[in-house]
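Participant: One structure, pasted below without further comment.
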Amino acid sequence: VVGIHMHVGSQLTKVAPVQVIEWILRVPAEEQEVLESTARREVADGFYIWQSDADGKRVPATGRADYYPVYYAEPSVGNETVLGFDLGSEPIHRAALEKAAQTGLATATPPLAPIQEIWRRQTIRVIQPFYAEPSSRQFADNGEGTAKRPRAYAVAVVNLQSLLEGVMRQANAEPWIATHLVDLMDDQGPRLLATYPLSHDSGHPDFVEEAYLERYEAVDIGPLFADERAYAIIAH
């Protein structure tokens with residue numbers, strides 16, 4: 001089953017905005033040692049489930065009932081360092097995993113800096129839960145009065161800069177018009193996520209404030225809503 005999903009992942013990563021496809025397992029704490037031993041044979045020597053400490057250093061993941069390590073990543077070359085990372089160790093990723101489990105539907109994280117700092121702009125992770133039985137759903141009672149839980153997740157890491165560029169090229173957008181994708185729900189203000197064409201990005205502030213927009217005679221702002229989050233497309 002994993003092989004099938006990773007084959008699909010290898011095809012999806014040919015779509016420019018999809019940078020990586022990851023296969024995430026839900027690993028109960030009591031199964032951690034067995035999983036790590038298996039992964040060292042099947043995936044990579046030295047595989048272990050890890051998280052980042054307060055200083056950003058790798059440390060073994062501990063202290064949770066379940067772990068959500070990256071078991072496979074496609075393409076594999078260049079993504080070796082992400083293997084074993086426990087998405088559940090990070091609050092934003094954990095919230096998205098839990099929402100996907102509760103709804104049984106694909107769920108997107110808010111914009112995030114990638115785990116590997118190799119792309120210019122932020123990414124989102126689109127998370128799809130998978131159950132042990134194809135007919136299982138989050139609302140299916142397991143006989144104990146609680147919902148069934150996913151056994152694994154497929155995760156697509158989407159580069160927002162590449163996504164905007166692809167959309168604008170398909171629309172045959174004029175290159176002299178600057179188009180920005182902005183996150184309206186960032187705690188620090190309207191955050192710039194991507195710009196098309198990229199030449200307009202040079203020297204651009206990280207946040208799109210009113211004073212910046214007042215520099216232009218014509219500004220068009222369109223709302224965009226995705227997975228309970230508000231964005232804006234700004235053109236000038």
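Ordering of the structure tokens sets the chain letters (A, B, ...); residue numbers start at 1 within each chain; ligands are numbered from 1 in the order shown.
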If you count only C-alpha atoms, which residues fall within 12 Å of region 161-169 of chain A, apart from same-chain ones fewer than 6 positions away, as number ranges by chain?
Facilitator: A: 15-19, 111, 119-124, 175, 177-182, 192-199, 201, 233-235
Participant: Take the residues just selected and output them with N, CA, C and O atoms as a CSV table (one decimal), in the first residue's frame.
Facilitator:
chain,number,residue,atom,x,y,z
A,15,VAL,N,4.2,17.9,-10.5
A,15,VAL,CA,3.4,19.2,-10.6
A,15,VAL,C,4.2,20.2,-9.8
A,15,VAL,O,4.4,20.0,-8.6
A,16,ALA,N,4.6,21.3,-10.4
A,16,ALA,CA,5.6,22.2,-9.8
A,16,ALA,C,5.3,22.6,-8.4
A,16,ALA,O,6.2,22.6,-7.5
A,17,PRO,N,4.0,23.0,-8.0
A,17,PRO,CA,3.8,23.5,-6.6
A,17,PRO,C,4.0,22.4,-5.6
A,17,PRO,O,4.3,22.7,-4.4
A,18,VAL,N,3.9,21.1,-5.9
A,18,VAL,CA,4.0,20.0,-4.9
A,18,VAL,C,5.5,19.7,-4.9
A,18,VAL,O,6.1,19.1,-5.7
A,19,GLN,N,6.1,20.1,-3.8
A,19,GLN,CA,7.6,19.9,-3.6
A,19,GLN,C,7.9,18.5,-3.1
A,19,GLN,O,8.9,17.9,-3.5
A,111,PRO,N,0.1,28.7,6.4
A,111,PRO,CA,1.4,28.8,5.8
A,111,PRO,C,2.5,28.7,6.8
A,111,PRO,O,2.5,29.2,7.9
A,119,TRP,N,13.5,26.4,0.2
A,119,TRP,CA,12.6,27.1,-0.7
A,119,TRP,C,12.5,28.5,-0.3
A,119,TRP,O,12.5,28.8,0.9
A,120,ARG,N,12.2,29.4,-1.2
A,120,ARG,CA,12.2,30.8,-0.9
A,120,ARG,C,11.0,31.2,0.0
A,120,ARG,O,11.1,32.0,0.9
A,121,ARG,N,9.9,30.7,-0.4
A,121,ARG,CA,8.7,31.2,0.3
A,121,ARG,C,8.1,30.0,1.2
A,121,ARG,O,8.6,28.9,1.2
A,122,GLN,N,7.1,30.4,1.9
A,122,GLN,CA,6.5,29.5,2.8
A,122,GLN,C,5.7,28.4,2.1
A,122,GLN,O,5.4,28.5,0.9
A,123,THR,N,5.4,27.3,2.8
A,123,THR,CA,4.6,26.2,2.2
A,123,THR,C,3.4,26.0,3.1
A,123,THR,O,3.3,26.5,4.2
A,124,ILE,N,2.5,25.2,2.5
A,124,ILE,CA,1.4,24.6,3.3
A,124,ILE,C,1.5,23.1,3.2
A,124,ILE,O,2.0,22.6,2.2
A,175,PRO,N,3.1,40.5,-17.3
A,175,PRO,CA,4.2,40.5,-16.4
A,175,PRO,C,4.4,41.9,-15.7
A,175,PRO,O,5.1,42.0,-14.7
A,177,ILE,N,2.1,43.6,-14.3
A,177,ILE,CA,1.2,43.7,-13.2
A,177,ILE,C,1.8,42.9,-12.1
A,177,ILE,O,2.0,41.6,-12.2
A,178,ALA,N,2.0,43.4,-10.9
A,178,ALA,CA,2.5,42.7,-9.7
A,178,ALA,C,1.3,42.1,-9.0
A,178,ALA,O,0.3,42.7,-8.7
A,179,THR,N,1.4,40.8,-8.7
A,179,THR,CA,0.3,40.1,-8.0
A,179,THR,C,0.9,39.4,-6.8
A,179,THR,O,1.9,38.7,-6.9
A,180,HIS,N,0.3,39.6,-5.6
A,180,HIS,CA,0.8,39.1,-4.4
A,180,HIS,C,-0.3,38.2,-3.7
A,180,HIS,O,-1.5,38.5,-3.8
A,181,LEU,N,0.2,37.1,-3.2
A,181,LEU,CA,-0.6,36.3,-2.3
A,181,LEU,C,-0.3,36.6,-0.9
A,181,LEU,O,0.8,36.6,-0.4
A,182,VAL,N,-1.4,37.0,-0.1
A,182,VAL,CA,-1.2,37.5,1.3
A,182,VAL,C,-2.0,36.7,2.2
A,182,VAL,O,-3.2,36.4,2.0
A,192,LEU,N,3.1,38.7,3.4
A,192,LEU,CA,3.4,38.3,2.0
A,192,LEU,C,3.8,36.9,1.9
A,192,LEU,O,4.8,36.5,2.5
A,193,LEU,N,3.1,36.1,1.1
A,193,LEU,CA,3.5,34.7,0.9
A,193,LEU,C,4.2,34.4,-0.4
A,193,LEU,O,5.1,33.6,-0.5
A,194,ALA,N,3.8,35.1,-1.5
A,194,ALA,CA,4.3,34.9,-2.8
A,194,ALA,C,4.0,36.1,-3.7
A,194,ALA,O,3.1,36.8,-3.5
A,195,THR,N,4.8,36.2,-4.7
A,195,THR,CA,4.7,37.4,-5.7
A,195,THR,C,4.9,36.9,-7.1
A,195,THR,O,5.8,36.0,-7.4
A,196,TYR,N,4.1,37.4,-8.0
A,196,TYR,CA,4.3,37.1,-9.4
A,196,TYR,C,4.2,38.4,-10.2
A,196,TYR,O,3.3,39.3,-10.0
A,197,PRO,N,5.1,38.6,-11.2
A,197,PRO,CA,6.3,37.8,-11.4
A,197,PRO,C,7.3,38.0,-10.3
A,197,PRO,O,7.3,39.0,-9.6
A,198,LEU,N,8.3,37.1,-10.1
A,198,LEU,CA,9.2,37.2,-9.0
A,198,LEU,C,10.1,38.4,-9.0
A,198,LEU,O,10.5,38.8,-7.9
A,199,SER,N,10.2,39.1,-10.1
A,199,SER,CA,11.0,40.3,-10.2
A,199,SER,C,10.4,41.4,-9.4
A,199,SER,O,11.1,42.3,-8.9
A,201,ASP,N,9.4,41.0,-6.4
A,201,ASP,CA,9.6,40.6,-5.1
A,201,ASP,C,10.8,41.3,-4.5
A,201,ASP,O,10.9,41.5,-3.2
A,233,ILE,N,-5.6,38.2,-2.7
A,233,ILE,CA,-4.9,38.3,-3.9
A,233,ILE,C,-4.8,39.8,-4.2
A,233,ILE,O,-5.9,40.5,-4.4
A,234,ILE,N,-3.7,40.4,-4.2
A,234,ILE,CA,-3.5,41.9,-4.4
A,234,ILE,C,-2.8,42.1,-5.7
A,234,ILE,O,-1.7,41.6,-5.9
A,235,ALA,N,-3.3,42.9,-6.6
A,235,ALA,CA,-2.7,43.2,-7.9
A,235,ALA,C,-2.6,44.7,-8.0
A,235,ALA,O,-3.5,45.5,-7.6
Participant: What lies within 10 Å of Glu98 (chain A) using only C-alpha atoms, ignoring chain neighbours under 2 positions off, as a list in words?
Facilitator: Gly88, His93, Arg94, Ala95, Ala96, Ala100, Ala101, Gln102, Thr103, Gly104, Thr107, Pro129, Arg149 and Pro150 of chain A
Participant: Which one of A:Ala218, A:Ala29, A:Ala132, A:Ala108 sits closest to Ala65 (chain A) if you count only C-alpha atoms?
Facilitator: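 When distances to Ala65 (chain A) are compared using only C-alpha atoms, the smallest one comes from A:Ala29.
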Participant: To one decimal in Å, tell me the separation between CA of Leu184 (chain A) and CA of Glu228 (chain A).
Facilitator: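 Between CA of Leu184 (chain A) and CA of Glu228 (chain A) the gap works out to 11.7 Å.
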Participant: To one decimal place, how far is CA of Ala232 (chain A) from CA of Leu160 (chain A) in Å?
Facilitator: 13.1 Å
Participant: Given the choices A:Leu105, A:Ala113, A:Asp66, A:Gln51, which gets closest to Ser89 (chain A) if the distance is worked out from only C-alpha atoms?
Facilitator: A:Gln51
Participant: Where in region 10-232 of chain A does DSSP assign alpha helix (DSSP H), given as a PyMOL selection string?
Facilitator: chain A and resi 10-12+32-42+91-103+160-170+210-213
Participant: Within 10 Å of Glu80 (chain A), counting only C-alpha atoms, which residues qualify if same-chain residues fewer than 6 places away don't, as a ChimeraX atom specification?
Facilitator: /A:43-44,72-74
Participant: So how far away is CA of Phe207 (chain A) from CA of Asp220 (chain A), in Å?
Facilitator: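 Distance between the two atoms: 16.9 Å.
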Participant: Rank nothing, just name the residue among A:Ala173, A:Gly222, A:Gly78, A:Gly84 nearest to Val20 (chain A), using only C-alpha atoms.
Facilitator: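 Among A:Ala173, A:Gly222, A:Gly78, A:Gly84, it is A:Gly78 that comes nearest to Val20 (chain A).
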Participant: Enumerate as a count of residues only all residues of region 47-234 of chain A assigned to strand (DSSP E or B) by DSSP on the backbone, naming them with the chain letters and numbers the document uses.
Facilitator: 62
Participant: Using only C-alpha atoms, determine which residues lie at most 6 Å from Ile127 (chain A), disregarding the query and same-chain residues fewer than 2 positions distant; provide the list as a ChimeraX atom specification.
Facilitator: /A:106-107,154-155
Participant: Output all heavy atoms for every residue in that selection, as a PDB file, in the first residue's frame.
Facilitator:
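Once written, result-v6.pdb looks like this:
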ATOM      1  N   ALA A 106      -9.292  15.894   3.730  1.00  0.00           N
ATOM      2  CA  ALA A 106      -8.014  16.568   3.558  1.00  0.00           C
ATOM      3  C   ALA A 106      -8.049  17.901   4.292  1.00  0.00           C
ATOM      4  O   ALA A 106      -9.033  18.636   4.236  1.00  0.00           O
ATOM      5  CB  ALA A 106      -7.718  16.778   2.080  1.00  0.00           C
ATOM      6  N   THR A 107      -6.969  18.206   4.979  1.00  0.00           N
ATOM      7  CA  THR A 107      -6.870  19.412   5.790  1.00  0.00           C
ATOM      8  C   THR A 107      -5.544  20.090   5.496  1.00  0.00           C
ATOM      9  O   THR A 107      -4.519  19.430   5.356  1.00  0.00           O
ATOM     10  CB  THR A 107      -6.957  19.058   7.289  1.00  0.00           C
ATOM     11  OG1 THR A 107      -8.219  18.448   7.549  1.00  0.00           O
ATOM     12  CG2 THR A 107      -6.814  20.297   8.151  1.00  0.00           C
ATOM     13  N   ALA A 154      -1.213  10.798   4.177  1.00  0.00           N
ATOM     14  CA  ALA A 154      -0.420  11.259   3.043  1.00  0.00           C
ATOM     15  C   ALA A 154      -0.390  12.775   3.112  1.00  0.00           C
ATOM     16  O   ALA A 154      -1.417  13.423   3.339  1.00  0.00           O
ATOM     17  CB  ALA A 154      -1.025  10.800   1.723  1.00  0.00           C
ATOM     18  N   VAL A 155       0.799  13.335   2.937  1.00  0.00           N
ATOM     19  CA  VAL A 155       0.970  14.769   3.091  1.00  0.00           C
ATOM     20  C   VAL A 155       1.645  15.338   1.842  1.00  0.00           C
ATOM     21  O   VAL A 155       2.697  14.859   1.423  1.00  0.00           O
ATOM     22  CB  VAL A 155       1.825  15.104   4.331  1.00  0.00           C
ATOM     23  CG1 VAL A 155       2.058  16.606   4.427  1.00  0.00           C
ATOM     24  CG2 VAL A 155       1.150  14.585   5.598  1.00  0.00           C
TER      25      VAL A 155
END
